[in-house]
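Q: What follows is coords.txt, compact mmCIF, C-alpha atoms.
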# COMPACT_ATOMS: atom_id res chain seq x y z
CA MET L 30 5.14 15.05 28.46
CA ARG L 31 3.85 14.75 24.93
CA CYS L 32 6.53 14.82 22.17
CA LEU L 33 5.93 16.55 18.87
CA GLY L 34 5.89 13.32 16.85
CA CYS L 35 4.11 10.98 19.26
CA VAL L 36 0.64 12.18 18.35
CA VAL L 37 1.34 11.59 14.66
CA LEU L 38 2.81 8.15 15.29
CA ALA L 39 -0.29 7.12 17.19
CA VAL L 40 -2.31 7.68 14.02
CA LEU L 41 0.19 6.68 11.34
CA GLY L 42 1.15 3.54 13.21
CA LEU L 43 -2.23 2.12 12.28
CA SER L 44 -1.10 2.13 8.60
CA GLY L 45 -4.66 2.97 7.67
CA CYS L 46 -5.59 6.38 6.25
CA VAL L 47 -2.67 6.05 3.80
CA SER L 48 -3.57 5.55 0.14
CA SER L 49 -1.14 4.12 -2.38
CA ASN L 50 -1.28 3.53 -6.12
CA THR L 51 1.58 1.74 -7.90
CA VAL L 52 1.93 1.36 -11.66
CA ILE L 53 4.71 -0.77 -13.14
CA LYS L 54 5.48 0.17 -16.74
CA LEU L 55 7.26 -2.79 -18.29
CA LYS L 56 9.27 -3.06 -21.52
CA PRO L 57 9.80 -6.38 -23.34
CA ASP L 58 13.49 -6.41 -22.33
CA GLY L 59 12.54 -6.50 -18.65
CA SER L 60 13.38 -2.90 -17.84
CA GLY L 61 10.91 -0.16 -17.02
CA THR L 62 9.66 2.25 -14.41
CA VAL L 63 7.59 2.14 -11.23
CA GLU L 64 5.33 5.05 -10.36
CA VAL L 65 4.28 5.14 -6.70
CA THR L 66 1.75 7.71 -5.52
CA ASN L 67 1.26 7.80 -1.75
CA GLY L 68 -1.05 10.18 0.04
CA MET L 69 -3.55 10.87 2.77
CA GLY L 70 -6.89 12.58 2.82
CA ALA L 71 -6.71 16.35 3.09
CA GLU L 72 -9.04 16.21 6.11
CA THR L 73 -6.75 13.73 7.90
CA ILE L 74 -3.67 15.82 7.21
CA ALA L 75 -5.43 18.95 8.49
CA GLN L 76 -6.31 17.11 11.72
CA LEU L 77 -2.74 15.87 12.16
CA LYS L 78 -1.32 19.35 11.64
CA ALA L 79 -3.74 20.71 14.23
CA MET L 80 -2.65 18.01 16.68
CA LEU L 81 1.01 18.85 16.03
CA ALA L 82 0.36 22.53 16.67
CA GLU L 83 -1.39 21.70 19.94
CA ALA L 84 1.46 19.41 21.01
CA GLN L 85 4.00 22.15 20.22
CA LYS L 86 2.01 24.65 22.26
CA GLU L 87 1.95 22.29 25.26
CA MET L 88 5.72 21.92 24.99
CA GLY L 89 6.16 25.68 25.20
CA GLY L 90 6.71 26.25 21.52
CA GLY L 91 4.19 29.06 21.28
CA ASN L 92 1.44 29.51 18.74
CA GLN L 93 3.67 29.43 15.67
CA PRO L 94 2.82 26.56 13.29
CA PRO L 95 5.26 23.61 13.41
CA LYS L 96 8.14 24.02 10.96
CA ASP L 97 8.00 20.42 9.75
CA THR L 98 4.57 19.24 8.65
CA GLU L 99 5.60 17.21 5.62
CA PHE L 100 4.26 13.66 5.73
CA PHE L 101 5.55 12.47 2.34
CA LYS L 102 9.09 13.64 1.64
CA GLU L 103 11.33 13.44 -1.40
CA ASP L 104 14.38 12.31 0.58
CA GLU L 105 12.38 9.38 1.97
CA ALA L 106 11.27 8.49 -1.56
CA LYS L 107 14.90 8.55 -2.71
CA ALA L 108 15.96 6.26 0.14
CA LYS L 109 13.20 3.82 -0.80
CA ALA L 110 15.01 2.91 -4.03
CA ALA L 111 17.61 0.96 -2.05
CA GLU L 112 14.85 -1.33 -0.73
CA MET L 113 13.32 -2.04 -4.13
CA GLY L 114 15.99 -4.36 -5.45
CA GLU L 115 19.21 -4.42 -7.43
CA GLY L 116 19.29 -2.01 -10.36
CA VAL L 117 16.50 0.25 -9.07
CA THR L 118 17.21 3.99 -9.14
CA PHE L 119 15.24 7.04 -8.10
CA VAL L 120 14.17 9.20 -11.06
CA SER L 121 11.94 11.99 -9.77
CA ALA L 122 9.30 13.05 -7.27
CA GLU L 123 6.50 15.56 -7.41
CA LYS L 124 3.99 16.71 -4.84
CA VAL L 125 0.37 15.81 -5.41
CA LYS L 126 -2.37 17.99 -3.98
CA THR L 127 -6.07 17.95 -4.72
CA ASP L 128 -9.17 18.93 -2.80
CA ALA L 129 -9.39 15.34 -1.54
CA MET L 130 -5.78 14.36 -0.81
CA GLU L 131 -2.14 15.37 -0.43
CA GLY L 132 0.88 13.24 -1.15
CA LEU L 133 3.87 12.49 -3.33
CA LYS L 134 4.33 10.73 -6.65
CA ALA L 135 7.75 9.09 -6.98
CA THR L 136 9.15 7.49 -10.12
CA TYR L 137 11.82 4.80 -10.11
CA ALA L 138 13.64 3.04 -12.95
CA PHE L 139 14.58 -0.63 -12.91
CA THR L 140 16.84 -2.63 -15.23
CA ASP L 141 15.47 -6.11 -14.55
CA ILE L 142 11.97 -6.77 -13.23
CA ASN L 143 13.11 -10.19 -12.01
CA LYS L 144 15.09 -8.35 -9.32
CA LEU L 145 12.34 -5.90 -8.38
CA LYS L 146 11.12 -6.04 -4.78
CA LEU L 147 7.72 -4.52 -4.26
CA SER L 148 5.50 -4.74 -1.22
CA GLN L 149 1.73 -4.79 -1.53
CA ARG L 150 1.47 -2.70 1.61
CA PRO L 151 1.63 1.08 1.28
CA SER L 152 4.64 2.71 2.92
CA LYS L 153 3.89 4.47 6.18
CA PRO L 154 4.89 8.13 6.08
CA LYS L 155 7.42 8.94 8.78
CA GLY L 156 6.16 12.45 9.28
CA PRO L 157 7.75 14.82 11.78
CA GLY L 158 9.29 13.53 14.97
CA PRO L 159 10.83 10.11 15.70
CA ASP L 160 10.43 7.09 13.44
CA ALA L 161 7.89 4.49 14.48
CA PRO L 162 9.56 1.28 15.68
CA ALA L 163 9.46 -1.53 13.14
CA ASN L 164 7.10 -4.38 13.86
CA PRO L 165 9.08 -7.64 13.43
CA ASN L 166 5.84 -9.64 13.10
CA GLU L 167 4.42 -7.54 10.29
CA PRO L 168 4.60 -9.52 7.02
CA LYS L 169 6.46 -7.87 4.13
CA GLU L 170 3.98 -9.24 1.60
CA GLU L 171 6.35 -8.74 -1.33
CA LEU L 172 5.30 -9.54 -4.88
CA ALA L 173 7.64 -11.77 -6.90
CA PHE L 174 8.21 -11.11 -10.61
CA LYS L 175 9.49 -13.48 -13.29
CA LEU L 176 9.83 -12.51 -16.94
CA ALA L 177 10.42 -15.21 -19.54
CA LYS L 178 10.69 -15.38 -23.31
CA LEU L 179 8.11 -17.69 -24.92
CA PRO L 180 8.75 -19.89 -27.97
CA ASN L 181 6.41 -17.70 -30.04
CA GLY L 182 8.63 -14.68 -29.40
CA ASN L 183 6.33 -13.04 -26.90
CA ALA L 184 7.30 -12.16 -23.33
CA GLN L 185 5.40 -13.45 -20.32
CA LEU L 186 5.44 -11.87 -16.90
CA THR L 187 4.39 -14.00 -13.93
CA VAL L 188 3.49 -12.14 -10.76
CA THR L 189 3.32 -14.31 -7.64
CA PHE L 190 1.43 -13.12 -4.59
CA PRO L 191 2.86 -13.87 -1.14
CA LYS L 192 1.37 -16.62 0.95
CA GLN L 193 1.35 -16.77 4.71
CA ASP L 194 3.14 -19.85 6.02
CA PRO L 195 0.37 -22.06 7.53
CA ALA L 196 2.76 -23.25 10.25
CA LYS L 197 3.62 -19.68 11.26
CA LYS L 198 -0.04 -18.72 11.22
CA LYS L 199 -0.93 -21.64 13.49
CA GLU L 200 2.01 -20.81 15.75
CA LYS L 201 0.89 -17.18 15.98
CA GLU L 202 -2.66 -18.15 16.83
CA GLY L 203 -1.41 -20.69 19.39
CA ALA L 204 0.77 -18.05 21.01
CA GLY L 205 -2.28 -15.87 21.51
CA GLU L 206 -1.03 -13.08 19.23
CA LYS L 207 -4.28 -13.13 17.33
CA PRO L 208 -7.40 -12.98 19.52
CA PRO L 209 -10.31 -15.30 18.73
CA GLU L 210 -13.19 -13.94 16.71
CA GLN L 211 -15.54 -11.82 18.76
CA GLU L 212 -18.29 -9.35 18.12
CA PRO L 213 -16.86 -5.82 17.70
CA ASP L 214 -18.30 -3.05 19.83
CA PRO L 215 -19.68 0.18 18.30
CA GLN L 216 -16.62 2.21 19.35
CA GLU L 217 -14.30 -0.19 17.55
CA LEU L 218 -16.39 0.06 14.39
CA GLU L 219 -16.29 3.85 14.51
CA GLN L 220 -12.51 3.77 14.88
CA MET L 221 -12.24 1.51 11.86
CA LYS L 222 -14.39 3.90 9.84
CA MET L 223 -11.93 6.68 10.64
CA ILE L 224 -8.94 4.53 9.67
CA PHE L 225 -10.38 3.40 6.34
CA LYS L 226 -11.98 6.68 5.33
CA GLY L 227 -10.46 7.66 1.99
CA MET L 228 -8.03 4.71 1.98
CA LYS L 229 -7.39 3.14 -1.41
CA ILE L 230 -4.50 0.91 -2.49
CA GLY L 231 -3.67 -0.75 -5.76
CA VAL L 232 -0.95 -2.20 -7.97
CA ALA L 233 -1.09 -2.52 -11.75
CA VAL L 234 1.23 -3.54 -14.59
CA GLU L 235 1.20 -1.61 -17.85
CA VAL L 236 3.07 -3.35 -20.66
CA GLN L 237 4.79 -1.10 -23.18
CA ASP L 238 3.77 -3.24 -26.16
CA LYS L 239 0.69 -5.15 -27.28
CA LEU L 240 -1.04 -7.12 -24.55
CA VAL L 241 -1.79 -10.64 -25.84
CA LYS L 242 -3.53 -12.31 -22.91
CA THR L 243 -3.73 -12.47 -19.11
CA ASN L 244 -5.58 -14.49 -16.50
CA SER L 245 -6.49 -11.31 -14.64
CA ALA L 246 -10.10 -10.27 -15.01
CA HIS L 247 -9.21 -6.60 -14.66
CA VAL L 248 -7.78 -5.20 -17.89
CA ASP L 249 -7.89 -1.74 -19.43
CA GLY L 250 -6.01 -1.55 -22.71
CA ASN L 251 -2.42 -2.57 -21.95
CA LYS L 252 -2.91 -2.12 -18.22
CA VAL L 253 -3.52 -5.15 -15.99
CA THR L 254 -4.72 -4.53 -12.44
CA LEU L 255 -3.19 -6.94 -9.95
CA PHE L 256 -5.43 -5.59 -7.22
CA GLU L 257 -7.31 -2.42 -6.35
CA MET L 258 -9.04 -1.95 -3.01
CA ASP L 259 -11.19 1.08 -2.28
CA PHE L 260 -11.99 0.91 1.42
CA ALA L 261 -14.74 3.50 1.08
CA ALA L 262 -16.93 0.56 0.09
CA LEU L 263 -16.06 -1.14 3.39
CA VAL L 264 -16.92 1.97 5.39
CA ASP L 265 -20.30 2.21 3.63
CA ASP L 266 -21.22 -1.45 4.17
CA ALA L 267 -22.12 -2.04 7.83
CA ALA L 268 -22.27 -5.83 7.49
CA ALA L 269 -18.92 -6.07 5.69
CA LEU L 270 -17.26 -3.75 8.21
CA LYS L 271 -18.57 -5.82 11.10
CA SER L 272 -17.32 -9.04 9.48
CA PHE L 273 -13.91 -7.48 8.86
CA ALA L 274 -13.64 -6.36 12.49
CA LYS L 275 -14.72 -9.78 13.71
CA LYS L 276 -12.30 -11.82 11.56
CA GLN L 277 -9.34 -9.38 11.79
CA PRO L 278 -7.45 -10.56 8.68
CA ASP L 279 -3.66 -10.48 9.12
CA THR L 280 -2.61 -10.12 5.50
CA LEU L 281 -3.78 -8.43 2.33
CA GLU L 282 -4.43 -11.87 0.83
CA GLU L 283 -6.88 -12.63 3.64
CA THR L 284 -8.42 -9.18 3.20
CA LYS L 285 -8.88 -9.73 -0.53
CA ALA L 286 -10.64 -13.05 0.03
CA LEU L 287 -12.91 -11.54 2.67
CA LEU L 288 -13.87 -8.41 0.72
CA LYS L 289 -13.67 -9.66 -2.89
CA ASP L 290 -17.37 -9.11 -3.57
CA LEU L 291 -17.47 -5.50 -2.45
CA LYS L 292 -17.93 -2.80 -5.05
CA GLY L 293 -14.63 -0.98 -5.53
CA PHE L 294 -12.54 -4.12 -4.97
CA LYS L 295 -10.73 -5.60 -7.96
CA VAL L 296 -8.75 -8.59 -6.79
CA ASN L 297 -7.15 -11.74 -8.19
CA LEU L 298 -7.44 -14.64 -5.78
CA GLU L 299 -5.15 -16.90 -7.82
CA ASN L 300 -1.64 -17.28 -6.45
CA GLU L 301 -0.20 -16.08 -9.76
CA VAL L 302 -1.16 -13.60 -12.45
CA THR L 303 0.34 -14.15 -15.90
CA ILE L 304 0.65 -11.42 -18.51
CA GLU L 305 1.70 -12.28 -22.05
CA PHE L 306 2.64 -9.41 -24.33
CA SER L 307 4.52 -8.78 -27.54
CA GLY L 308 8.23 -9.17 -26.90
CA LYS L 309 9.46 -7.92 -30.24
Show me, as structure tokens, the structure contained in the file I just sent.

A:
Amino acid sequence: MRCLGCVVLAVLGLSGCVSSNTVIKLKPDGSGTVEVTNGMGAETIAQLKAMLAEAQKEMGGGNQPPKDTEFFKEDEAKAKAAEMGEGVTFVSAEKVKTDAMEGLKATYAFTDINKLKLSQRPSKPKGPGPDAPANPNEPKEELAFKLAKLPNGNAQLTVTFPKQDPAKKKEKEGAGEKPPEQEPDPQELEQMKMIFKGMKIGVAVEVQDKLVKTNSAHVDGNKVTLFEMDFAALVDDAAALKSFAKKQPDTLEETKALLKDLKGFKVNLENEVTIEFSGK
């Protein structure tokens, strides 16, 4: 028998269809805030709610709409603070709803960016029903932050991107966990289009003083984009989508390298991004 949350988990477990935008607002003393906006396309949410209603009907729950159809919840955002490092506290949350998407914007405060733990991957909404089991093989892909005072009085933030251990990668491929490259069939490509439709993820750092210099090519005022990936460009490019399906990148770093030339993708392929700003 179908459970009320199983249908949702089958979709959300793919981790696609979830968009996430993270902005770190950093002060020279190393404190600041993190604004995380997670959401899904309004069309996707409408489909999931319809599937929940159908599942409830099959379980004998009648034609009343399901009571719990929240996919991004404030209590989950509050709990997230404990995973973001020492000194991180939840500040606020507000619902976000536009014609294109629905979600939640959560704001956190941190006292020391050196202790901040931030994953590049968007958080999967739990949604109604049981939690999806954690995948022990899924890489955390956490960014590492180091803030230092320079001799000239300025502050410099170094952001280090995670690297997949070559030995573990080879071991995984040898164990047959990752299938060899093969031509994707049309059905697989259509499924990928559904997953990536409306998906966009990004992380940026906004310094709260004068930006002096950075090795990132993506700068807007005092805001430095670490990466921004709009998967609509992948959906619209048949050749790129086919290549993505064929290579099946395991990590965001592999995805960045594969899709770096697509319009809508702003990525830094260096292992580190440095941001120097006024520390006075």

Q: Hey, can you check how far atom CA of Lys239 of chain L sits from atom CA of Ala110 of chain L?

A: 28.5 Å

Q: Which of these residues is nearest to Ser152 of chain L, using all atoms listed in the file: L:Glu123, L:Asp279, L:Glu83, L:Glu105?

A: L:Glu105

Q: Place a sphere of radius 9 Å on (7.9, 15.0, 0.7) in the file coordinates and name every protein, DNA or RNA residue with an atom inside or on its surface, counting all atoms listed in the file; give the answer as an mmCIF file with C-alpha atoms, keeping the file's coordinate frame.

A:
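Full text of out_11.cif as output:
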data_model
loop_
_atom_site.group_PDB
_atom_site.id
_atom_site.type_symbol
_atom_site.label_atom_id
_atom_site.label_comp_id
_atom_site.auth_asym_id
_atom_site.auth_seq_id
_atom_site.Cartn_x
_atom_site.Cartn_y
_atom_site.Cartn_z
ATOM 1 C CA GLU L 99 5.600 17.210 5.620
ATOM 2 C CA PHE L 100 4.260 13.660 5.730
ATOM 3 C CA PHE L 101 5.550 12.470 2.340
ATOM 4 C CA LYS L 102 9.090 13.640 1.640
ATOM 5 C CA GLU L 103 11.330 13.440 -1.400
ATOM 6 C CA ASP L 104 14.380 12.310 0.580
ATOM 7 C CA GLU L 105 12.380 9.380 1.970
ATOM 8 C CA ALA L 106 11.270 8.490 -1.560
ATOM 9 C CA ALA L 122 9.300 13.050 -7.270
ATOM 10 C CA GLU L 123 6.500 15.560 -7.410
ATOM 11 C CA LYS L 124 3.990 16.710 -4.840
ATOM 12 C CA GLY L 132 0.880 13.240 -1.150
ATOM 13 C CA LEU L 133 3.870 12.490 -3.330
#

Q: Determine, counting all atoms listed in the file, which protein, DNA and RNA residues have an atom within 6 Å of an atom of segment 296-309 of chain L; residues of the same chain fewer than 5 positions away are not included. Present the result as a compact mmCIF listing (two decimals) with C-alpha atoms, keeping the file's coordinate frame.

A:
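Final output, result10.txt:
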# COMPACT_ATOMS: atom_id res chain seq x y z
CA PRO L 57 9.80 -6.38 -23.34
CA ASN L 183 6.33 -13.04 -26.90
CA ALA L 184 7.30 -12.16 -23.33
CA GLN L 185 5.40 -13.45 -20.32
CA LEU L 186 5.44 -11.87 -16.90
CA THR L 187 4.39 -14.00 -13.93
CA VAL L 188 3.49 -12.14 -10.76
CA THR L 189 3.32 -14.31 -7.64
CA PHE L 190 1.43 -13.12 -4.59
CA ASP L 238 3.77 -3.24 -26.16
CA LYS L 239 0.69 -5.15 -27.28
CA LEU L 240 -1.04 -7.12 -24.55
CA VAL L 241 -1.79 -10.64 -25.84
CA LYS L 242 -3.53 -12.31 -22.91
CA THR L 243 -3.73 -12.47 -19.11
CA ASN L 244 -5.58 -14.49 -16.50
CA PHE L 256 -5.43 -5.59 -7.22

Q: Select, from L:Glu72, L:Glu115, L:Asp259, L:Asp266, the residue with the minimum atom-to-atom distance to Thr284 of chain L, counting only C-alpha atoms.

A: L:Asp259

Q: Please output segment 242-256 of chain L, rebuilt to include N, CA and C atoms, as a PDB file, keeping the file's coordinate frame.

A:
ATOM      1  N   LYS L 242      -2.530 -11.689 -23.778  1.00  0.00           N
ATOM      2  CA  LYS L 242      -3.530 -12.310 -22.910  1.00  0.00           C
ATOM      3  C   LYS L 242      -3.054 -12.277 -21.457  1.00  0.00           C
ATOM      4  N   THR L 243      -4.012 -12.426 -20.548  1.00  0.00           N
ATOM      5  CA  THR L 243      -3.730 -12.470 -19.110  1.00  0.00           C
ATOM      6  C   THR L 243      -4.842 -13.221 -18.407  1.00  0.00           C
ATOM      7  N   ASN L 244      -4.531 -13.818 -17.268  1.00  0.00           N
ATOM      8  CA  ASN L 244      -5.580 -14.490 -16.500  1.00  0.00           C
ATOM      9  C   ASN L 244      -6.242 -13.551 -15.499  1.00  0.00           C
ATOM     10  N   SER L 245      -5.826 -12.288 -15.483  1.00  0.00           N
ATOM     11  CA  SER L 245      -6.490 -11.310 -14.640  1.00  0.00           C
ATOM     12  C   SER L 245      -7.790 -10.854 -15.291  1.00  0.00           C
ATOM     13  N   ALA L 246      -8.806 -10.700 -14.499  1.00  0.00           N
ATOM     14  CA  ALA L 246     -10.100 -10.270 -15.010  1.00  0.00           C
ATOM     15  C   ALA L 246     -10.193  -8.751 -15.153  1.00  0.00           C
ATOM     16  N   HIS L 247      -9.152  -8.058 -14.720  1.00  0.00           N
ATOM     17  CA  HIS L 247      -9.210  -6.600 -14.660  1.00  0.00           C
ATOM     18  C   HIS L 247      -8.186  -5.995 -15.624  1.00  0.00           C
ATOM     19  N   VAL L 248      -8.660  -5.682 -16.822  1.00  0.00           N
ATOM     20  CA  VAL L 248      -7.780  -5.200 -17.890  1.00  0.00           C
ATOM     21  C   VAL L 248      -8.367  -3.938 -18.500  1.00  0.00           C
ATOM     22  N   ASP L 249      -7.502  -2.972 -18.754  1.00  0.00           N
ATOM     23  CA  ASP L 249      -7.890  -1.740 -19.430  1.00  0.00           C
ATOM     24  C   ASP L 249      -6.798  -1.402 -20.435  1.00  0.00           C
ATOM     25  N   GLY L 250      -7.033  -1.759 -21.694  1.00  0.00           N
ATOM     26  CA  GLY L 250      -6.010  -1.550 -22.710  1.00  0.00           C
ATOM     27  C   GLY L 250      -4.804  -2.441 -22.448  1.00  0.00           C
ATOM     28  N   ASN L 251      -3.636  -1.833 -22.263  1.00  0.00           N
ATOM     29  CA  ASN L 251      -2.420  -2.570 -21.950  1.00  0.00           C
ATOM     30  C   ASN L 251      -2.130  -2.617 -20.460  1.00  0.00           C
ATOM     31  N   LYS L 252      -3.086  -2.189 -19.665  1.00  0.00           N
ATOM     32  CA  LYS L 252      -2.910  -2.120 -18.220  1.00  0.00           C
ATOM     33  C   LYS L 252      -3.667  -3.254 -17.530  1.00  0.00           C
ATOM     34  N   VAL L 253      -2.938  -4.024 -16.725  1.00  0.00           N
ATOM     35  CA  VAL L 253      -3.520  -5.150 -15.990  1.00  0.00           C
ATOM     36  C   VAL L 253      -3.488  -4.820 -14.496  1.00  0.00           C
ATOM     37  N   THR L 254      -4.646  -4.802 -13.876  1.00  0.00           N
ATOM     38  CA  THR L 254      -4.720  -4.530 -12.440  1.00  0.00           C
ATOM     39  C   THR L 254      -4.479  -5.813 -11.659  1.00  0.00           C
ATOM     40  N   LEU L 255      -3.455  -5.798 -10.817  1.00  0.00           N
ATOM     41  CA  LEU L 255      -3.190  -6.940  -9.950  1.00  0.00           C
ATOM     42  C   LEU L 255      -4.174  -6.933  -8.785  1.00  0.00           C
ATOM     43  N   PHE L 256      -4.366  -5.767  -8.205  1.00  0.00           N
ATOM     44  CA  PHE L 256      -5.430  -5.590  -7.220  1.00  0.00           C
ATOM     45  C   PHE L 256      -5.683  -4.104  -7.019  1.00  0.00           C
TER      46      PHE L 256
END
